[in-house]
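Engineer: Sharing a structure with you now.
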Amino acid sequence: MSKKLFIETLGCAMNVRDSEHMIAELNVHEGYELTTDAREADLIMINTCSVREKPVHKLFSELGVFNRLKKEGAKIGVCGCTASHLGKEIIKKAPFVNFVLGARNVSKIADVVHKDKAVEIDIDYDESQFAFKDFRSSGHKAYINISIGCDKQCTFCIVPKTRGEEISIPADLIIAEAAKAALKGVKEIFLLGQNVNNYGRRFSGEHDKINFTELLRRISAVEGVERIRFTSPHPLHMDDEFIEEFAKNPKICKSMHMPLQSGSSEILKAMKRGYTKEWFLNRVEKLRAMVPDVSISTDIIVAFPGESDEDFEHTMDVMRRVRFEQVFSFKYSPRPLTEAEHFTNAIDSEIGSDRLNILQAYADSVLDDLKLTHLGKVMEVYFEELRSDGYVAGRSDNNIMVKVKGSEEHLGKIAKVKITEVSRMVQYGEILA
Ligand code: SAH
Ligand code: F3S
């Protein structure tokens with residue numbers, strides 16, 4: 001009988017891809033098969049996120065639950081960014097944990113699983129050229145990492161301390177992965193990195209030094225690839241060449257994530273984001289001028305240390321000018337190993353909550369307006385998911401979730417859909433013959 005693996009993945013898309021890599025390595029080298037029932041697993045893993053404090057708190061209570069329900073002899077492993085950050089502390093606090101594997105040490109999984117109490121969290125470890133075995137949870141969309149780590153030092157962010165310095169993955173490996181996925185019928189390639197448009201700044205070893213724009217061109221030339229998405233680009237590196245390629249390349253989906261973080265140039269400086277409010281607005285303007293249909297999403301942090309009412313008003317001003325299609329907003333959460341952790345001008349938590357409420361209410365009102373403009377429109381939708389309620393779901397080119405009545409036969413197909421009913425998060429429609 002094969003061994004069973006249960007894995008819970010928290011956090012960002014990069015963690016999702018790291019989990020796929022670990023699943024593949026454990027399957028090929030160790031014979032593990034996936035299970036969705038932790039009670040029957042021989043190995044239980046949590047792939048953690050450390051970007052905000054809440055999920056970190058939850059980790060230990062969750063580990064306790066897994067320890068109680070696991071079958072006898074089953075192992076427990078903690079991976080991801082909290083593994084990198086807390087390392088052996090995890091085993092100290094939860095001695096039943098068998099191994100701790102950092103976010104930059106994913107390729108060691110088949111080895112680590114044999115070593116009791118192993119802690120592998122080296123953030124200088126270079127796995128940018130590791131040839132991972134193949135596993136994808138979707139047959140329609142392929143996540144592909146294009147870099148590891150992050151070379152920015154945003155003062156609020158723990159990621160450079162958990163994923164290490166940025167190294168680009170050689171273009172030929174990325175292209176080969178895209179080609180392999182396309183051969184299996186995957187139409188959409190989703191490129192991942194903390195800073196995708198900084199691609200090519202540093203490789204380990206001698207490699208074709210191409211930038212992100214050139215990488216996009218090469219991927220769009222891969223046979224079978226029909227759609228390209230990526231996350232996250234950094235507003236600082238959104239040069240004209242990149243925006244022009246985004247606009248004119250028909251394979252690049254017309255949705256752009258532009259993590260603003262704050263609309264105040266003062267706060268952006270304190271965050272060390274490297275751009276101003278004016279630069280951000282200028283990039284949005286250029287983008288909208290070239291791609292009128294583009295949908296723009298963002299990440300915003302409110303109540304960063306020192307954020308005055310006026311600073312917050314600048315953020316709201318950008319919200320009103322840009323009218324983002326999607327806003328991921330967070331109250332600032334002080335993180336260890338970051339510069340901002342030592343800032344003394346913290347904002348009262350209640351003020352933070354109020355600002356978050358104001359911002360989210362505005363974001364929702366924009367969504368409510370925008371959804372009405374979708375009614376009656378025809379969108380090209382790539383169907384990826386069969387829902388239990390008799391619907392198939394997919395995304396339009398500009399990232400709008402669309403559901404139609406349908407079945408398995410629609411999966412993996414791109415079809416024209418007329419939108420007949422709208423709600424805040426999902427639009428419903430009918431496939432045009
Ligand atoms: N490289 C990515 C960021 C990864 S972290 C990017 O530039 O988009 C994802 C998001 O979490 C960030 O964009 C930020 O909005 C949020 N975040 C990061 N650190 C945070 C903190 N200390 N408190 C609150 N939100 C934070
Ligand atoms: Fe974090 Fe800034 Fe990098 S948000 S992941 S340090 S771009």
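In the structure tokens, the first chain shown is A, the next is B, and so on; residue numbers restart at 1 for each chain, and ligands run from 1 in the order shown.
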Chain A near ligand 2 within 6 Å: what's each residue's closest atom pair and its distance in Å to one decimal, counting only C-alpha atoms and all ligand atoms, ordered by chain then ascending residue number, as JSON lines?
Structural biologist:
{"residue": "A:Cys150", "atom": "CA", "partner": "ligand 2", "partner_atom_place_in_ligand_line": "3 (Fe)", "distance": 4.8}
{"residue": "A:Lys152", "atom": "CA", "partner": "ligand 2", "partner_atom_place_in_ligand_line": "6 (S)", "distance": 4.6}
{"residue": "A:Gln153", "atom": "CA", "partner": "ligand 2", "partner_atom_place_in_ligand_line": "6 (S)", "distance": 4.7}
{"residue": "A:Cys154", "atom": "CA", "partner": "ligand 2", "partner_atom_place_in_ligand_line": "6 (S)", "distance": 4.4}
{"residue": "A:Cys157", "atom": "CA", "partner": "ligand 2", "partner_atom_place_in_ligand_line": "1 (Fe)", "distance": 4.6}
{"residue": "A:Val159", "atom": "CA", "partner": "ligand 2", "partner_atom_place_in_ligand_line": "5 (S)", "distance": 4.9}
{"residue": "A:Pro160", "atom": "CA", "partner": "ligand 2", "partner_atom_place_in_ligand_line": "6 (S)", "distance": 5.7}
{"residue": "A:Gln194", "atom": "CA", "partner": "ligand 2", "partner_atom_place_in_ligand_line": "5 (S)", "distance": 4.9}
{"residue": "A:Asn195", "atom": "CA", "partner": "ligand 2", "partner_atom_place_in_ligand_line": "7 (S)", "distance": 5.9}
Engineer: Grab the residues selected above and save them as a compact mmCIF listing (two decimals), in the first residue's frame with N, CA and C atoms.
Structural biologist:
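Output file part.txt is given in full below:
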# COMPACT_ATOMS: atom_id res chain seq x y z
N CYS A 150 13.61 37.69 -2.74
CA CYS A 150 13.23 39.07 -3.08
C CYS A 150 14.38 39.99 -2.74
N LYS A 152 14.16 43.33 -2.60
CA LYS A 152 13.71 44.60 -2.02
C LYS A 152 13.81 44.49 -0.50
N GLN A 153 13.72 45.66 0.13
CA GLN A 153 13.73 45.64 1.59
C GLN A 153 12.62 46.49 2.13
N CYS A 154 11.41 46.24 1.66
CA CYS A 154 10.26 46.99 2.17
C CYS A 154 10.28 46.84 3.69
N CYS A 157 8.12 44.18 5.57
CA CYS A 157 7.95 42.84 5.01
C CYS A 157 9.01 41.83 5.47
N VAL A 159 9.36 38.82 4.08
CA VAL A 159 9.67 37.85 3.02
C VAL A 159 11.17 37.74 2.67
N PRO A 160 11.90 38.86 2.51
CA PRO A 160 13.33 38.69 2.19
C PRO A 160 14.11 37.91 3.26
N GLN A 194 8.26 37.23 -6.33
CA GLN A 194 7.92 38.34 -5.44
C GLN A 194 7.96 39.65 -6.19
N ASN A 195 8.65 39.62 -7.32
CA ASN A 195 9.01 40.85 -8.01
C ASN A 195 9.18 40.55 -9.48
Engineer: Please tabulate, as CSV, the residues of segment 154-257 of chain A that come within 6 Å of segment 392-404 of chain A, each with its closest pair of atoms and the distance in Å to one decimal, counting only C-alpha atoms and ordering rows by chain, then residue number upward.
Structural biologist:
residue,atom,partner,partner_atom,distance
A:Cys253,CA,A:Asp397,CA,5.0
A:Lys254,CA,A:Asn398,CA,4.7
A:Ser255,CA,A:Asn398,CA,4.7
Engineer: At most 6 Å is the cut-off: for each residue in chain A with any atom that close to an atom of ligand 1, write down the nearest atom pair and the distance in Å rounded to one decimal, counting only C-alpha atoms and all ligand atoms, chain first then increasing number, as JSON lines.
Structural biologist:
{"residue": "A:Val51", "atom": "CA", "partner": "ligand 1", "partner_atom_place_in_ligand_line": "19 (N)", "distance": 4.9}
{"residue": "A:Arg52", "atom": "CA", "partner": "ligand 1", "partner_atom_place_in_ligand_line": "21 (C)", "distance": 5.3}
{"residue": "A:Phe156", "atom": "CA", "partner": "ligand 1", "partner_atom_place_in_ligand_line": "22 (N)", "distance": 4.5}
{"residue": "A:Cys157", "atom": "CA", "partner": "ligand 1", "partner_atom_place_in_ligand_line": "19 (N)", "distance": 4.2}
{"residue": "A:Gln194", "atom": "CA", "partner": "ligand 1", "partner_atom_place_in_ligand_line": "1 (N)", "distance": 3.7}
{"residue": "A:Asn195", "atom": "CA", "partner": "ligand 1", "partner_atom_place_in_ligand_line": "1 (N)", "distance": 5.5}
{"residue": "A:Ser232", "atom": "CA", "partner": "ligand 1", "partner_atom_place_in_ligand_line": "8 (O)", "distance": 4.9}
{"residue": "A:His234", "atom": "CA", "partner": "ligand 1", "partner_atom_place_in_ligand_line": "7 (O)", "distance": 5.7}
{"residue": "A:Pro259", "atom": "CA", "partner": "ligand 1", "partner_atom_place_in_ligand_line": "8 (O)", "distance": 5.2}
{"residue": "A:Gln261", "atom": "CA", "partner": "ligand 1", "partner_atom_place_in_ligand_line": "15 (O)", "distance": 5.5}
{"residue": "A:Asp299", "atom": "CA", "partner": "ligand 1", "partner_atom_place_in_ligand_line": "15 (O)", "distance": 4.4}
{"residue": "A:Ile300", "atom": "CA", "partner": "ligand 1", "partner_atom_place_in_ligand_line": "15 (O)", "distance": 5.0}
{"residue": "A:Ile301", "atom": "CA", "partner": "ligand 1", "partner_atom_place_in_ligand_line": "15 (O)", "distance": 5.3}
{"residue": "A:Phe330", "atom": "CA", "partner": "ligand 1", "partner_atom_place_in_ligand_line": "25 (N)", "distance": 5.1}
{"residue": "A:Lys331", "atom": "CA", "partner": "ligand 1", "partner_atom_place_in_ligand_line": "24 (C)", "distance": 5.4}
{"residue": "A:Tyr332", "atom": "CA", "partner": "ligand 1", "partner_atom_place_in_ligand_line": "23 (N)", "distance": 3.8}
{"residue": "A:Ser333", "atom": "CA", "partner": "ligand 1", "partner_atom_place_in_ligand_line": "23 (N)", "distance": 3.8}
{"residue": "A:Pro334", "atom": "CA", "partner": "ligand 1", "partner_atom_place_in_ligand_line": "22 (N)", "distance": 5.1}
{"residue": "A:Arg335", "atom": "CA", "partner": "ligand 1", "partner_atom_place_in_ligand_line": "22 (N)", "distance": 5.3}
Engineer: What's the 10 Å shell around segment 199-202 of chain A, counting only C-alpha atoms, without same-chain residues fewer than 6 positions away, as a PyMOL selection string?
Structural biologist: chain A and resi 146-147+151+165-171+193+208-215+233+237
Engineer: Between A:Glu421, A:Asp311, A:Glu72, A:Glu40, single out the one closest to Gly376 of chain A, counting only C-alpha atoms.
Structural biologist: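 That would be A:Glu421, the residue with the smallest distance to Gly376 of chain A.
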Engineer: Got a sec: who's within 9 Å of Val302 of chain A, counting only C-alpha atoms, leaving out chain neighbours fewer than 5 positions off, as a list in words?
Structural biologist: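 Contacts, in chain order: Gln261, Ser262, Glu307, Phe312, Thr315, Ser329, Phe330, Lys331, Tyr332, Gly352, Ser353, Arg355, Leu356 and Leu359 of chain A.
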Engineer: Could those residues be written to a file, using N, CA and C atoms, as a PDB file, in the first residue's frame?
Structural biologist:
ATOM      1  N   GLN A 261       0.380  49.628  -1.640  1.00  0.00           N
ATOM      2  CA  GLN A 261       0.724  49.648  -0.202  1.00  0.00           C
ATOM      3  C   GLN A 261       0.265  50.915   0.492  1.00  0.00           C
ATOM      4  N   SER A 262       0.633  52.098  -0.048  1.00  0.00           N
ATOM      5  CA  SER A 262       0.116  53.350   0.525  1.00  0.00           C
ATOM      6  C   SER A 262       0.068  54.391  -0.583  1.00  0.00           C
ATOM      7  N   GLU A 307       1.379  56.800  10.015  1.00  0.00           N
ATOM      8  CA  GLU A 307       0.371  57.182   9.010  1.00  0.00           C
ATOM      9  C   GLU A 307      -0.636  58.173   9.619  1.00  0.00           C
ATOM     10  N   PHE A 312      -3.457  58.858   5.112  1.00  0.00           N
ATOM     11  CA  PHE A 312      -4.526  57.919   4.754  1.00  0.00           C
ATOM     12  C   PHE A 312      -5.413  58.520   3.660  1.00  0.00           C
ATOM     13  N   THR A 315      -4.081  57.819   0.386  1.00  0.00           N
ATOM     14  CA  THR A 315      -4.413  56.450  -0.063  1.00  0.00           C
ATOM     15  C   THR A 315      -5.827  56.429  -0.647  1.00  0.00           C
ATOM     16  N   SER A 329      -6.666  44.354   1.235  1.00  0.00           N
ATOM     17  CA  SER A 329      -6.229  45.378   2.192  1.00  0.00           C
ATOM     18  C   SER A 329      -5.989  44.767   3.569  1.00  0.00           C
ATOM     19  N   PHE A 330      -4.986  45.289   4.218  1.00  0.00           N
ATOM     20  CA  PHE A 330      -4.546  44.729   5.494  1.00  0.00           C
ATOM     21  C   PHE A 330      -4.239  45.847   6.466  1.00  0.00           C
ATOM     22  N   LYS A 331      -4.469  45.540   7.732  1.00  0.00           N
ATOM     23  CA  LYS A 331      -3.998  46.452   8.774  1.00  0.00           C
ATOM     24  C   LYS A 331      -2.536  46.083   9.036  1.00  0.00           C
ATOM     25  N   TYR A 332      -1.697  47.086   9.155  1.00  0.00           N
ATOM     26  CA  TYR A 332      -0.272  46.819   9.372  1.00  0.00           C
ATOM     27  C   TYR A 332      -0.075  45.880  10.568  1.00  0.00           C
ATOM     28  N   GLY A 352      -6.632  52.062  13.091  1.00  0.00           N
ATOM     29  CA  GLY A 352      -6.325  51.153  11.977  1.00  0.00           C
ATOM     30  C   GLY A 352      -7.575  50.443  11.486  1.00  0.00           C
ATOM     31  N   SER A 353      -8.377  49.930  12.429  1.00  0.00           N
ATOM     32  CA  SER A 353      -9.591  49.211  12.042  1.00  0.00           C
ATOM     33  C   SER A 353     -10.563  50.144  11.329  1.00  0.00           C
ATOM     34  N   ARG A 355      -9.841  52.828   9.603  1.00  0.00           N
ATOM     35  CA  ARG A 355      -9.324  53.127   8.250  1.00  0.00           C
ATOM     36  C   ARG A 355      -9.564  51.940   7.317  1.00  0.00           C
ATOM     37  N   LEU A 356      -9.349  50.753   7.853  1.00  0.00           N
ATOM     38  CA  LEU A 356      -9.560  49.551   7.026  1.00  0.00           C
ATOM     39  C   LEU A 356     -11.027  49.467   6.591  1.00  0.00           C
ATOM     40  N   LEU A 359     -11.767  52.050   3.893  1.00  0.00           N
ATOM     41  CA  LEU A 359     -11.163  51.655   2.616  1.00  0.00           C
ATOM     42  C   LEU A 359     -11.926  50.491   1.970  1.00  0.00           C
TER      43      LEU A 359
END
Engineer: Near Leu59 of chain A, within 10 Å and counting only C-alpha atoms, which residues show up once chain neighbours fewer than 3 positions away are dropped, as number ranges by chain?
Structural biologist: A: 46, 48-49, 54-56, 62-65, 78, 82, 90
Engineer: Tell me, which residues of segment 250-428 of chain A carry DSSP helix (DSSP H, G or I), written as a count of residues only?
Structural biologist: 67
Engineer: Looking only at the backbone, which of the residues in segment 151-351 of chain A does DSSP tag as strand (DSSP E), as a VMD selection string?
Structural biologist: chain A and resid 167 to 168 188 to 192 227 to 231 255 to 257 295 to 302 326 to 331
Engineer: Please, could you write that set of residues out with N, CA and C atoms as a short mmCIF file (atom, residue, chain, number, x, y, z; two decimals), in the first residue's frame?
Structural biologist:
data_model
loop_
_atom_site.label_atom_id
_atom_site.label_comp_id
_atom_site.auth_asym_id
_atom_site.auth_seq_id
_atom_site.Cartn_x
_atom_site.Cartn_y
_atom_site.Cartn_z
N ILE A 167 17.10 35.49 -6.82
CA ILE A 167 17.84 34.89 -7.93
C ILE A 167 16.83 34.49 -8.99
N SER A 168 17.11 34.87 -10.24
CA SER A 168 16.20 34.51 -11.33
C SER A 168 16.46 33.07 -11.77
N GLU A 188 -3.06 28.09 -19.94
CA GLU A 188 -2.69 29.32 -19.22
C GLU A 188 -1.44 29.12 -18.36
N ILE A 189 -0.48 29.99 -18.57
CA ILE A 189 0.76 29.97 -17.78
C ILE A 189 0.71 31.13 -16.80
N PHE A 190 0.99 30.83 -15.54
CA PHE A 190 0.92 31.85 -14.49
C PHE A 190 2.31 31.98 -13.87
N LEU A 191 3.00 33.07 -14.19
CA LEU A 191 4.38 33.25 -13.74
C LEU A 191 4.42 33.83 -12.33
N LEU A 192 5.28 33.27 -11.50
CA LEU A 192 5.31 33.67 -10.09
C LEU A 192 6.68 34.16 -9.64
N ARG A 227 -2.66 31.88 -22.88
CA ARG A 227 -2.82 32.98 -21.92
C ARG A 227 -1.62 33.03 -20.99
N ILE A 228 -1.20 34.23 -20.66
CA ILE A 228 -0.11 34.40 -19.69
C ILE A 228 -0.58 35.38 -18.61
N ARG A 229 -0.41 34.95 -17.37
CA ARG A 229 -0.64 35.87 -16.24
C ARG A 229 0.63 35.87 -15.40
N PHE A 230 0.72 36.82 -14.49
CA PHE A 230 1.89 36.86 -13.60
C PHE A 230 1.55 37.62 -12.33
N THR A 231 2.26 37.29 -11.25
CA THR A 231 2.13 38.06 -10.02
C THR A 231 3.40 37.85 -9.20
N SER A 255 -5.02 41.86 -17.03
CA SER A 255 -5.24 42.24 -15.63
C SER A 255 -3.87 42.43 -15.01
N MET A 256 -3.74 43.52 -14.27
CA MET A 256 -2.43 43.86 -13.70
C MET A 256 -2.58 44.06 -12.19
N HIS A 257 -1.74 43.35 -11.44
CA HIS A 257 -1.71 43.57 -10.00
C HIS A 257 -0.65 44.64 -9.73
N SER A 295 -7.94 45.46 -16.10
CA SER A 295 -8.45 45.49 -14.73
C SER A 295 -7.24 45.53 -13.81
N ILE A 296 -7.29 46.44 -12.86
CA ILE A 296 -6.13 46.67 -11.99
C ILE A 296 -6.50 46.30 -10.55
N SER A 297 -5.67 45.46 -9.95
CA SER A 297 -5.88 45.09 -8.55
C SER A 297 -4.70 45.59 -7.73
N THR A 298 -4.87 45.60 -6.42
CA THR A 298 -3.79 46.13 -5.60
C THR A 298 -3.76 45.52 -4.20
N ASP A 299 -2.66 45.76 -3.49
CA ASP A 299 -2.53 45.44 -2.06
C ASP A 299 -2.33 46.76 -1.33
N ILE A 300 -3.03 46.92 -0.21
CA ILE A 300 -2.85 48.15 0.57
C ILE A 300 -2.69 47.81 2.05
N ILE A 301 -1.76 48.50 2.68
CA ILE A 301 -1.58 48.37 4.13
C ILE A 301 -2.04 49.69 4.76
N VAL A 302 -2.96 49.61 5.72
CA VAL A 302 -3.33 50.84 6.44
C VAL A 302 -2.68 50.82 7.82
N GLN A 326 -9.98 45.13 -7.75
CA GLN A 326 -9.86 44.26 -6.59
C GLN A 326 -8.83 44.85 -5.64
N VAL A 327 -9.18 44.86 -4.36
CA VAL A 327 -8.26 45.45 -3.37
C VAL A 327 -8.04 44.44 -2.24
N PHE A 328 -6.79 44.05 -2.04
CA PHE A 328 -6.46 43.20 -0.89
C PHE A 328 -5.90 44.16 0.16
N SER A 329 -6.67 44.35 1.24
CA SER A 329 -6.23 45.38 2.19
C SER A 329 -5.99 44.77 3.57
N PHE A 330 -4.99 45.29 4.22
CA PHE A 330 -4.55 44.73 5.49
C PHE A 330 -4.24 45.85 6.47
N LYS A 331 -4.47 45.54 7.73
CA LYS A 331 -4.00 46.45 8.77
C LYS A 331 -2.54 46.08 9.04
#
Engineer: May I ask which of the residues A:Ser128, A:Glu266, A:Ser423, A:Val225 is the closest one to Gly205 of chain A, counting only C-alpha atoms?
Structural biologist: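 Closest residue, counting only C-alpha atoms: A:Ser128.
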Engineer: For the atom pair atom CA of Glu278 of chain A and atom CA of Glu313 of chain A, what is the interatomic distance in Å to one decimal place?
Structural biologist: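 Computed distance, atom CA of Glu278 of chain A to atom CA of Glu313 of chain A, equals 14.6 Å.
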Engineer: I want to know what sits within 9 Å of Leu370 of chain A, based on only C-alpha atoms, with residues of the same chain fewer than 4 positions away left out; could you give that as a list of chain:residue names?
Structural biologist: A:Glu325, A:Ser365, A:Val366, A:His374, A:Arg424
Engineer: With a distance cut-off of 7 Å and only C-alpha atoms, select the neighbouring residues of segment 346-348 of chain A, excluding the residue or stretch itself and same-chain residues fewer than 6 positions from it, and output the selection as a PyMOL selection string.
Structural biologist: chain A and resi 303-306
Engineer: Okay, now the selection with N, CA, C and O atoms, as a short mmCIF file (atom, residue, chain, number, x, y, z; two decimals), in the first residue's frame?
Structural biologist:
data_model
loop_
_atom_site.label_atom_id
_atom_site.label_comp_id
_atom_site.auth_asym_id
_atom_site.auth_seq_id
_atom_site.Cartn_x
_atom_site.Cartn_y
_atom_site.Cartn_z
N ALA A 303 -2.55 52.02 8.38
CA ALA A 303 -2.02 52.19 9.73
C ALA A 303 -0.57 51.73 9.87
O ALA A 303 -0.15 51.22 10.92
N PHE A 304 0.20 51.94 8.80
CA PHE A 304 1.65 51.76 8.92
C PHE A 304 2.15 52.81 9.93
O PHE A 304 1.57 53.90 10.02
N PRO A 305 3.20 52.51 10.70
CA PRO A 305 3.67 53.48 11.70
C PRO A 305 3.81 54.89 11.12
O PRO A 305 4.40 55.06 10.06
N GLY A 306 3.23 55.84 11.83
CA GLY A 306 3.34 57.24 11.41
C GLY A 306 2.28 57.68 10.42
O GLY A 306 2.26 58.85 10.03
#
Engineer: Given only C-alpha atoms as the basis, pick out the residue of A:Phe135, A:Phe66, A:Tyr143, A:Phe343 nearest to Leu34 of chain A.
Structural biologist: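 For Leu34 of chain A, the nearest of the candidates is A:Phe135.
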